[in-house]
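Read through the structure below, which is laid out as structure tokens, and then see the notes.
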Amino acid sequence: EHEDTSLLLQPLFEGQNYGAAAAGGTQCPSVAVSRNNPAKRDCLVVAVLCFGNLINFIDWFIVPGILLDIQKYFGLSDGKTGLLQTVFTLCYMLAAPIFGYLGDRYNRKIILGAGIFFWSGVTLGSSFVTESHYRIFVLSRGLVGIGSASYSTIAPTIIADLFEEGKRTTVLSIFYIFIPVGSGCGYMLAAGMAKSTGDWHWAFRVTPCMGGLALLLLILLVPHKIQRKTAAHRALSISGMIGRADEKPDEHRTTKTTWCQDVGSLVKNCSFVCSSLGLTAMAFVTGALGMWMPLFLHRAQVVQGLVPPCLQDSCNSSNSLIFGGITIGTGILGIIAGAEAARRLRKINNKADPLICATSMFISALCLYIALMVAQTNILSTFIFIAFGELFLSVNWAVVTDILLYVVTPRRQSTAIALQILVSHLLGDAGSPYLIGLISNALQARNIPSVQWSFRSMQYSFVTCAFVGVFGGGFFLLTSFYVEEDRKEAQR
């Protein structure tokens with residue numbers, strides 16, 4: 001496909017573009033990296049992409065990390081507080097198909113660079129919003145979501161174009177480790193800055209500096225163009241078998257298609273549809289947990305008499321720090337464990353990937369339900385079961401990505417990733433934070449306001465996540481029925 005060389009963003013962000021693996025040693029011009037050493041160049045490209053992914057998810061979870069402060073500063077109810085993350089995610093998902101279309105047709109490096117510059121600038125600007133301009137603050141979160149979509153839609157496709165399947169799974173696992181690491185760092189950075197400065201606004205002034213560094217590294221270290229997959233480098237089978245080197249591309253496979261034709265083909269891909277719905281359930285749960293869990297833990301501790309209510313100028317941020325640490329640790333362990341389990345079990349069962357995802361979703365739902373039930377009496381047990389719940393959720397990130405990579409033909413992968421982002425966020429974490437807040441508000445309105453019922457309302461609304469997790473496991477089970485056939489179809 002033609003790549004407009006005027007666009008400088010191609011190689012950095014093909015984030016959720018689960019493209020097929022490219023042949024190693026792709027020859028591409030680079031500003032600062034010699035093309036005589038493609039292995040070193042590829043490692044540097046991945047390092048830059050991982051750094052960008054880290055910043056992306058730090059920005060995503062800064063707000064949940066200081067949610068108590070923001071809620072008190074603007075005087076928000078639970079419903080309006082949840083709206084902050086919902087607006088962010090809605091803008092993110094609506095922008096994803098646009099960047100997916102652009103990423104399949106134009107230079108990805110320029111798209112990535114523009115996205116980093118845009119979201120970093122808006123994040124910095126949001127730190128100066130005053131308490132009388134809540135709507136401007138909400139708008140700023142939506143704009144940050146648009147910038148983030150450019151990265152998440154494009155960066156993974158670049159990785160897919162650089163590595164063959166065996167290495168690709170490992171590299172994608174490393175890339176996706178920075179989702180929980182960035183998320184956890186977002187909580188910890190926000191809480192740490194709010195505590196050290198006494199002003200939560202400073203939490204939004206650190207990542208723009210990191211974004212500037214990421215943009216500089218992108219310009220210097222990422223090649224202007226990275227060769228896309230051709231028919232000779234199609235999505236690989238689970239067994240890792242690659243087509244013959246002398247295979248010639250056929251005209252039908254390389255013929256350009258319209259966006260509507262691509263979407264129509266993807267809708268008929270049962271593995272893609274079912275795994276995307278499973279991912280949607282994951283997004284619903286992670287979105288709700290990410291937004292509300294620190295606040296829920298605080299209310300549980302208030303009920304137990306462990307901490308006082310948030311009445312002082314700066315709220316207790318210890319839960320954000322602990323939850324951030326749990327998110328980082330379980331995320332790293334979960335993604336590594338998921339990738340290793342997939343690598344081993346694929347040798348035994350070609351349906352191993354969706355079965356791993358289904359099993360982990362069922363276990364995660366059970367752990368989260370238990371965590372909610374014991375929160376009022378034993379906060380330590382709550383933390384333990386939350387950790388196990390997040391651990392099994394994290395098992396799926398790299399595995400779901402790999403499923404998309406081998407069941408979708410390479411030339412439709414940017415579009416597939418964009419559609420998956422759209423669906424998973426539209427039906428998942430775009431609405432779950434707001435929905436949990438609304439349910440909590442409705443339950444509180446039926447009873448006399450009290451510390452006890454403030455906790456109960458959040459507890460009951462959170463149970464929704466456990467049931468959604470079970471549905472997600474069911475969709476991954478359905479994926480296992482179609483994955484072999486769709487994988488073969490993608491290789492033709």
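We label chains A, B, ... in the order they appear in the structure tokens, count residues from 1 in each chain, and number ligands from 1 in the order shown.
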Compile the contact shell of Met210 (chain A) as a PDB file with C-alpha atoms, in the first residue's frame: residues with an atom at most 8 Å away, counting only C-alpha atoms, same-chain residues fewer than 4 positions apart removed.
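selection_16.pdb, freshly written:
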```
ATOM      1  CA  ILE A  55       3.286   7.671  28.909  1.00  0.00           C
ATOM      2  CA  VAL A 206       4.968  15.757  34.637  1.00  0.00           C
ATOM      3  CA  ALA A 214       9.203  10.552  23.536  1.00  0.00           C
TER       4      ALA A 214
END
```
Compile a residue-level contact table for region 290-405 of chain A against region 82-88 of chain A at a cut-off of 10 Å, reporting for every qualifying residue the shortest atom pair and its distance in Å to one decimal, with only C-alpha atoms counted, rows ordered by chain and ascending number, as CSV.
```
residue,atom,partner,partner_atom,distance
A:Gly290,CA,A:Gln85,CA,9.6
A:Met291,CA,A:Gln85,CA,7.2
A:Trp292,CA,A:Gly82,CA,8.2
```
Fewer than 3 positions away in the same chain doesn't count, so skip those; otherwise give me all residues within 8 Å of region 394-396 of chain A, counting only C-alpha atoms, as a list in words. Pro180, Thr330, Gly331, Ile332, Gly334, Ile335, Ile336, Ala337, Gly338, Ala339, Ile356, Cys357, Ser360, Glu390, Leu391, Val399 and Val400 of chain A
Go ahead and write the residues just picked, C-alpha atoms, as a short mmCIF file (atom, residue, chain, number, x, y, z; two decimals), in the first residue's frame.
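The file below, selection_35.cif, is the result:
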```cif
data_model
loop_
_atom_site.label_atom_id
_atom_site.label_comp_id
_atom_site.auth_asym_id
_atom_site.auth_seq_id
_atom_site.Cartn_x
_atom_site.Cartn_y
_atom_site.Cartn_z
CA PRO A 180 -0.42 -2.14 33.55
CA THR A 330 0.07 -8.18 38.59
CA GLY A 331 0.16 -6.70 35.12
CA ILE A 332 3.77 -7.72 34.51
CA GLY A 334 -0.03 -11.71 34.16
CA ILE A 335 1.18 -10.72 30.70
CA ILE A 336 4.36 -12.79 31.01
CA ALA A 337 2.38 -15.77 32.31
CA GLY A 338 -0.21 -15.44 29.54
CA ALA A 339 2.40 -15.30 26.80
CA ILE A 356 -6.60 -19.41 28.09
CA CYS A 357 -8.55 -16.15 27.79
CA SER A 360 -8.63 -16.41 33.08
CA GLU A 390 -6.16 -8.12 38.10
CA LEU A 391 -3.54 -10.83 37.59
CA VAL A 399 -2.94 -13.29 23.90
CA VAL A 400 -5.97 -11.40 22.56
#
```
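Closest approach to Val302 (chain A) among A:Arg446, A:Arg135, A:Arg105, A:Arg456: A:Arg456, based on only C-alpha atoms.
Considering only C-alpha atoms, the residue among A:Val468, A:Leu90, A:Val267, A:Ile158 positioned nearest to Val144 (chain A) is A:Leu90.
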Go through A:Ser127, A:Asn378, A:Thr89, A:Thr327 one by one, measure the shortest atom-to-atom distance of each to Ala203 (chain A) using only C-alpha atoms, and give the residue with the smallest value.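 Distance minimum relative to Ala203 (chain A) lands on A:Ser127.
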Give the helix (DSSP H, G or I) residues of region 231-464 of chain A, as DSSP finds them on the backbone, and put them as a ChimeraX atom specification. /A:231-233,251-254,259-267,270-304,318-345,352-374,379-394,396-407,410-429,432-445,451-464
CA of Val451 (chain A) and CA of Pro309 (chain A) are how many Å apart?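 Separating CA of Val451 (chain A) from CA of Pro309 (chain A) is a distance of 8.4 Å.
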Pick from A:Pro294, A:Gly75, A:Gly211, A:Cys43: nearest to Asn56 (chain A), with only C-alpha atoms counted? A:Gly211
Which residues are near Thr382 (chain A)? Cut-off 10 Å, only C-alpha atoms, ignore same chain within fewer than 3 positions. Put them as a PDB file with N, CA, C and O atoms, in the first residue's frame.
```pdb
ATOM      1  N   LEU A 297     -11.942   1.459  47.995  1.00  0.00           N
ATOM      2  CA  LEU A 297     -11.095   1.015  49.105  1.00  0.00           C
ATOM      3  C   LEU A 297     -11.078   2.045  50.224  1.00  0.00           C
ATOM      4  O   LEU A 297     -11.075   1.691  51.414  1.00  0.00           O
ATOM      5  N   ALA A 300     -14.277   1.706  52.115  1.00  0.00           N
ATOM      6  CA  ALA A 300     -14.248   0.498  52.937  1.00  0.00           C
ATOM      7  C   ALA A 300     -13.440   0.727  54.204  1.00  0.00           C
ATOM      8  O   ALA A 300     -13.832   0.287  55.304  1.00  0.00           O
ATOM      9  N   CYS A 367     -12.650 -13.934  41.653  1.00  0.00           N
ATOM     10  CA  CYS A 367     -11.792 -13.221  42.604  1.00  0.00           C
ATOM     11  C   CYS A 367     -12.326 -11.823  42.910  1.00  0.00           C
ATOM     12  O   CYS A 367     -12.317 -11.381  44.071  1.00  0.00           O
ATOM     13  N   LEU A 368     -12.802 -11.128  41.899  1.00  0.00           N
ATOM     14  CA  LEU A 368     -13.327  -9.783  42.113  1.00  0.00           C
ATOM     15  C   LEU A 368     -14.594  -9.817  42.963  1.00  0.00           C
ATOM     16  O   LEU A 368     -14.804  -8.944  43.820  1.00  0.00           O
ATOM     17  N   TYR A 369     -15.431 -10.798  42.736  1.00  0.00           N
ATOM     18  CA  TYR A 369     -16.652 -10.909  43.525  1.00  0.00           C
ATOM     19  C   TYR A 369     -16.321 -11.146  45.004  1.00  0.00           C
ATOM     20  O   TYR A 369     -16.914 -10.527  45.899  1.00  0.00           O
ATOM     21  N   ILE A 370     -15.362 -12.022  45.264  1.00  0.00           N
ATOM     22  CA  ILE A 370     -14.971 -12.291  46.640  1.00  0.00           C
ATOM     23  C   ILE A 370     -14.380 -11.031  47.273  1.00  0.00           C
ATOM     24  O   ILE A 370     -14.660 -10.707  48.440  1.00  0.00           O
ATOM     25  N   ALA A 371     -13.564 -10.302  46.516  1.00  0.00           N
ATOM     26  CA  ALA A 371     -12.960  -9.067  47.033  1.00  0.00           C
ATOM     27  C   ALA A 371     -14.024  -8.068  47.467  1.00  0.00           C
ATOM     28  O   ALA A 371     -13.898  -7.412  48.516  1.00  0.00           O
ATOM     29  N   LEU A 372     -15.086  -7.956  46.695  1.00  0.00           N
ATOM     30  CA  LEU A 372     -16.164  -7.017  47.032  1.00  0.00           C
ATOM     31  C   LEU A 372     -16.904  -7.446  48.295  1.00  0.00           C
ATOM     32  O   LEU A 372     -17.295  -6.618  49.116  1.00  0.00           O
ATOM     33  N   MET A 373     -17.084  -8.738  48.439  1.00  0.00           N
ATOM     34  CA  MET A 373     -17.863  -9.242  49.563  1.00  0.00           C
ATOM     35  C   MET A 373     -17.129  -9.132  50.901  1.00  0.00           C
ATOM     36  O   MET A 373     -17.761  -8.997  51.950  1.00  0.00           O
ATOM     37  N   VAL A 374     -15.796  -9.201  50.883  1.00  0.00           N
ATOM     38  CA  VAL A 374     -15.044  -9.171  52.148  1.00  0.00           C
ATOM     39  C   VAL A 374     -14.533  -7.772  52.482  1.00  0.00           C
ATOM     40  O   VAL A 374     -13.888  -7.584  53.516  1.00  0.00           O
ATOM     41  N   ALA A 375     -14.835  -6.788  51.620  1.00  0.00           N
ATOM     42  CA  ALA A 375     -14.263  -5.453  51.793  1.00  0.00           C
ATOM     43  C   ALA A 375     -14.661  -4.795  53.107  1.00  0.00           C
ATOM     44  O   ALA A 375     -13.881  -4.023  53.682  1.00  0.00           O
ATOM     45  N   GLN A 376     -15.845  -5.046  53.585  1.00  0.00           N
ATOM     46  CA  GLN A 376     -16.322  -4.366  54.786  1.00  0.00           C
ATOM     47  C   GLN A 376     -15.670  -4.904  56.062  1.00  0.00           C
ATOM     48  O   GLN A 376     -15.596  -4.191  57.070  1.00  0.00           O
ATOM     49  N   THR A 377     -15.186  -6.125  56.017  1.00  0.00           N
ATOM     50  CA  THR A 377     -14.680  -6.749  57.242  1.00  0.00           C
ATOM     51  C   THR A 377     -13.168  -6.959  57.251  1.00  0.00           C
ATOM     52  O   THR A 377     -12.551  -6.954  58.316  1.00  0.00           O
ATOM     53  N   ASN A 378     -12.557  -7.137  56.085  1.00  0.00           N
ATOM     54  CA  ASN A 378     -11.128  -7.443  56.049  1.00  0.00           C
ATOM     55  C   ASN A 378     -10.485  -6.785  54.836  1.00  0.00           C
ATOM     56  O   ASN A 378     -10.565  -7.305  53.720  1.00  0.00           O
ATOM     57  N   ILE A 379      -9.850  -5.658  55.050  1.00  0.00           N
ATOM     58  CA  ILE A 379      -9.287  -4.902  53.933  1.00  0.00           C
ATOM     59  C   ILE A 379      -8.080  -5.614  53.328  1.00  0.00           C
ATOM     60  O   ILE A 379      -7.832  -5.522  52.120  1.00  0.00           O
ATOM     61  N   PHE A 385      -7.467 -10.414  46.989  1.00  0.00           N
ATOM     62  CA  PHE A 385      -8.342 -10.904  45.912  1.00  0.00           C
ATOM     63  C   PHE A 385      -8.396  -9.928  44.736  1.00  0.00           C
ATOM     64  O   PHE A 385      -8.555 -10.345  43.584  1.00  0.00           O
ATOM     65  N   ILE A 386      -8.262  -8.649  45.001  1.00  0.00           N
ATOM     66  CA  ILE A 386      -8.165  -7.681  43.902  1.00  0.00           C
ATOM     67  C   ILE A 386      -6.907  -7.967  43.081  1.00  0.00           C
ATOM     68  O   ILE A 386      -6.926  -7.922  41.843  1.00  0.00           O
ATOM     69  N   ALA A 387      -5.810  -8.266  43.776  1.00  0.00           N
ATOM     70  CA  ALA A 387      -4.559  -8.578  43.078  1.00  0.00           C
ATOM     71  C   ALA A 387      -4.717  -9.801  42.184  1.00  0.00           C
ATOM     72  O   ALA A 387      -4.286  -9.797  41.014  1.00  0.00           O
TER      73      ALA A 387
END
```
Restricting the calculation to only C-alpha atoms: of A:Phe272, A:Tyr73, A:Phe204, A:Phe137, which residue gets closest to Asp402 (chain A)? A:Phe272
Quick one: of A:Ile111, A:Ala341, A:Val63, A:Leu216, who's nearest to Val48 (chain A), counting only C-alpha atoms?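 The answer is A:Leu216, which sits nearest to Val48 (chain A).
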